[in-house]
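A.B. asks: My structure is below; once you've seen it, I'll send some questions.
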Amino acid sequence: MDAQEHPVRHFEQMIRLVERLLPLPAQLLQHVYSFEAFGSWSCIVRCRGVPIRIAFDGRDRELVVERSRSRRPPYVWDPPIWRRAGVEDVDLVGPELAAAVKRAAEAE
């Protein structure tokens, strides 16, 4: 895969991720992607009024889900509710990731 294809693949995966989160329901609030940081990215979604950050560390291939204590910026992130190392394709962990977002929204 050449350099121009990586961002295209990333955004295709993000579309599928957002579609998987719609039934929760979760709303995408923010997204950041950095090709130069090994394809790292993060997004903030709101589910049941709770801001939840999904972050991918491209160097370590680790995906985490964190819940914010505050409902408005500046967000205060709790320790990860869910963590998965060795992630090569977000689509492969999609169901687990959606379940983790749902748990984060329901946690008190």
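We label chains A, B, ... in the order they appear in the structure tokens, count residues from 1 in each chain, and number ligands from 1 in the order shown.
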If you count only C-alpha atoms, which residues fall within 9 Å of Arg48 of chain A, apart from same-chain ones fewer than 3 positions away, as number ranges by chain?
C.D. replies: A: 24-26, 51, 102, 105-106
A.B. asks: I need the residues from that last selection saved to file as a PDB file, in the first residue's frame (with N, CA and C atoms), if you can.
C.D. replies:
```pdb
ATOM      1  N   LEU A  24     -26.173   2.814  19.100  1.00  0.00           N
ATOM      2  CA  LEU A  24     -26.022   2.911  20.562  1.00  0.00           C
ATOM      3  C   LEU A  24     -26.951   3.930  21.217  1.00  0.00           C
ATOM      4  N   PRO A  25     -27.230   5.095  20.834  1.00  0.00           N
ATOM      5  CA  PRO A  25     -26.694   5.892  19.733  1.00  0.00           C
ATOM      6  C   PRO A  25     -25.479   6.682  20.203  1.00  0.00           C
ATOM      7  N   ALA A  26     -24.512   6.828  19.314  1.00  0.00           N
ATOM      8  CA  ALA A  26     -23.326   7.624  19.596  1.00  0.00           C
ATOM      9  C   ALA A  26     -23.130   8.624  18.470  1.00  0.00           C
ATOM     10  N   PRO A  51     -19.208  11.993  27.046  1.00  0.00           N
ATOM     11  CA  PRO A  51     -18.117  12.026  26.081  1.00  0.00           C
ATOM     12  C   PRO A  51     -17.190  10.824  26.284  1.00  0.00           C
ATOM     13  N   LYS A 102     -20.424   1.361  24.663  1.00  0.00           N
ATOM     14  CA  LYS A 102     -21.705   1.239  25.375  1.00  0.00           C
ATOM     15  C   LYS A 102     -21.480   1.109  26.883  1.00  0.00           C
ATOM     16  N   ALA A 105     -20.514   4.434  28.388  1.00  0.00           N
ATOM     17  CA  ALA A 105     -21.658   5.340  28.525  1.00  0.00           C
ATOM     18  C   ALA A 105     -22.526   4.968  29.727  1.00  0.00           C
ATOM     19  N   GLU A 106     -22.559   3.685  30.056  1.00  0.00           N
ATOM     20  CA  GLU A 106     -23.418   3.216  31.143  1.00  0.00           C
ATOM     21  C   GLU A 106     -22.717   3.243  32.490  1.00  0.00           C
TER      22      GLU A 106
END
```
A.B. asks: Tell me, which residues of chain A carry DSSP alpha helix (DSSP H), written as number ranges by chain?
C.D. replies: A: 5-21, 94-106
A.B. asks: Among chain A, which ones does DSSP place in strand (DSSP E), written as a PyMOL selection string?
C.D. replies: chain A and resi 26-34+40-47+50-57+62-67+82-84
A.B. asks: Restricting it to C-alpha atoms, dump the selection as an mmCIF file, in the first residue's frame.
C.D. replies:
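This went into selection.cif:
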```cif
data_model
loop_
_atom_site.group_PDB
_atom_site.id
_atom_site.type_symbol
_atom_site.label_atom_id
_atom_site.label_comp_id
_atom_site.auth_asym_id
_atom_site.auth_seq_id
_atom_site.Cartn_x
_atom_site.Cartn_y
_atom_site.Cartn_z
ATOM 1 C CA ALA A 26 -23.326 7.624 19.596
ATOM 2 C CA GLN A 27 -22.614 10.926 17.893
ATOM 3 C CA LEU A 28 -19.164 11.783 16.509
ATOM 4 C CA LEU A 29 -17.989 15.092 18.012
ATOM 5 C CA GLN A 30 -14.330 15.263 16.979
ATOM 6 C CA HIS A 31 -11.752 13.316 14.971
ATOM 7 C CA VAL A 32 -7.969 13.707 14.645
ATOM 8 C CA TYR A 33 -5.715 11.664 12.320
ATOM 9 C CA SER A 34 -1.947 11.849 11.862
ATOM 10 C CA SER A 40 -2.426 7.383 15.007
ATOM 11 C CA TRP A 41 -5.899 8.786 15.474
ATOM 12 C CA SER A 42 -8.483 9.634 18.086
ATOM 13 C CA CYS A 43 -12.106 10.565 18.104
ATOM 14 C CA ILE A 44 -14.570 11.757 20.694
ATOM 15 C CA VAL A 45 -18.123 10.499 20.586
ATOM 16 C CA ARG A 46 -21.073 11.334 22.791
ATOM 17 C CA CYS A 47 -23.173 8.390 23.897
ATOM 18 C CA VAL A 50 -21.235 11.001 28.026
ATOM 19 C CA PRO A 51 -18.117 12.026 26.081
ATOM 20 C CA ILE A 52 -16.024 8.980 25.215
ATOM 21 C CA ARG A 53 -12.620 9.034 23.555
ATOM 22 C CA ILE A 54 -11.503 6.248 21.255
ATOM 23 C CA ALA A 55 -7.764 6.506 20.606
ATOM 24 C CA PHE A 56 -5.432 4.457 18.428
ATOM 25 C CA ASP A 57 -1.661 4.555 18.931
ATOM 26 C CA GLU A 62 -3.037 -0.127 20.677
ATOM 27 C CA LEU A 63 -6.674 0.950 20.793
ATOM 28 C CA VAL A 64 -8.247 2.351 23.972
ATOM 29 C CA VAL A 65 -11.650 3.623 25.097
ATOM 30 C CA GLU A 66 -11.827 6.270 27.827
ATOM 31 C CA ARG A 67 -14.762 7.965 29.513
ATOM 32 C CA TRP A 82 -11.140 -1.036 27.384
ATOM 33 C CA ARG A 83 -7.769 -1.639 25.790
ATOM 34 C CA ARG A 84 -6.686 -3.858 22.917
#
```
A.B. asks: Which residues are near Gln4 of chain A? Cut-off 10 Å, only C-alpha atoms, ignore same chain within fewer than 4 positions. Put them as number ranges by chain.
C.D. replies: A: 8-9, 35
A.B. asks: Could those residues be written to a file, using C-alpha atoms, as a compact mmCIF listing (two decimals), in the first residue's frame?
C.D. replies:
```txt
# COMPACT_ATOMS: atom_id res chain seq x y z
CA VAL A 8 -8.18 6.59 2.28
CA ARG A 9 -8.20 3.27 4.13
CA PHE A 35 -0.32 9.93 9.04
```
A.B. asks: Just how far from atom CA of Pro80 of chain A is atom CA of Gly94 of chain A, in Å to one decimal?
C.D. replies: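 Those two atoms sit 16.9 Å apart.
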A.B. asks: So that I can check the surroundings of segment 13-18 of chain A, please list as a PDB file with N, CA and C atoms, in the first residue's frame every protein, DNA and RNA residue that reaches within 7 Å of it, counting only C-alpha atoms and ignoring chain neighbours fewer than 2 positions away.
C.D. replies:
```pdb
ATOM      1  N   ARG A   9      -7.815   4.453   3.354  1.00  0.00           N
ATOM      2  CA  ARG A   9      -8.203   3.273   4.131  1.00  0.00           C
ATOM      3  C   ARG A   9      -8.654   3.672   5.538  1.00  0.00           C
ATOM      4  N   HIS A  10      -7.939   4.619   6.142  1.00  0.00           N
ATOM      5  CA  HIS A  10      -8.303   5.089   7.476  1.00  0.00           C
ATOM      6  C   HIS A  10      -9.729   5.644   7.489  1.00  0.00           C
ATOM      7  N   PHE A  11     -10.030   6.537   6.563  1.00  0.00           N
ATOM      8  CA  PHE A  11     -11.355   7.161   6.581  1.00  0.00           C
ATOM      9  C   PHE A  11     -12.454   6.174   6.203  1.00  0.00           C
ATOM     10  N   ARG A  20     -21.202   1.644  12.940  1.00  0.00           N
ATOM     11  CA  ARG A  20     -21.372   0.617  13.986  1.00  0.00           C
ATOM     12  C   ARG A  20     -21.845   1.248  15.298  1.00  0.00           C
ATOM     13  N   LEU A  21     -21.463   2.506  15.551  1.00  0.00           N
ATOM     14  CA  LEU A  21     -21.829   3.179  16.796  1.00  0.00           C
ATOM     15  C   LEU A  21     -23.204   3.845  16.741  1.00  0.00           C
ATOM     16  N   LEU A  22     -23.755   4.062  15.552  1.00  0.00           N
ATOM     17  CA  LEU A  22     -25.053   4.740  15.420  1.00  0.00           C
ATOM     18  C   LEU A  22     -26.171   4.107  16.249  1.00  0.00           C
ATOM     19  N   VAL A  90      -9.152  -1.958  12.552  1.00  0.00           N
ATOM     20  CA  VAL A  90     -10.230  -1.573  13.471  1.00  0.00           C
ATOM     21  C   VAL A  90     -11.500  -2.370  13.193  1.00  0.00           C
ATOM     22  N   ASP A  91     -11.733  -2.714  11.929  1.00  0.00           N
ATOM     23  CA  ASP A  91     -12.930  -3.478  11.589  1.00  0.00           C
ATOM     24  C   ASP A  91     -12.970  -4.824  12.314  1.00  0.00           C
ATOM     25  N   GLY A  94     -14.358  -4.287  15.752  1.00  0.00           N
ATOM     26  CA  GLY A  94     -15.531  -3.418  15.743  1.00  0.00           C
ATOM     27  C   GLY A  94     -16.594  -3.773  16.780  1.00  0.00           C
TER      28      GLY A  94
END
```
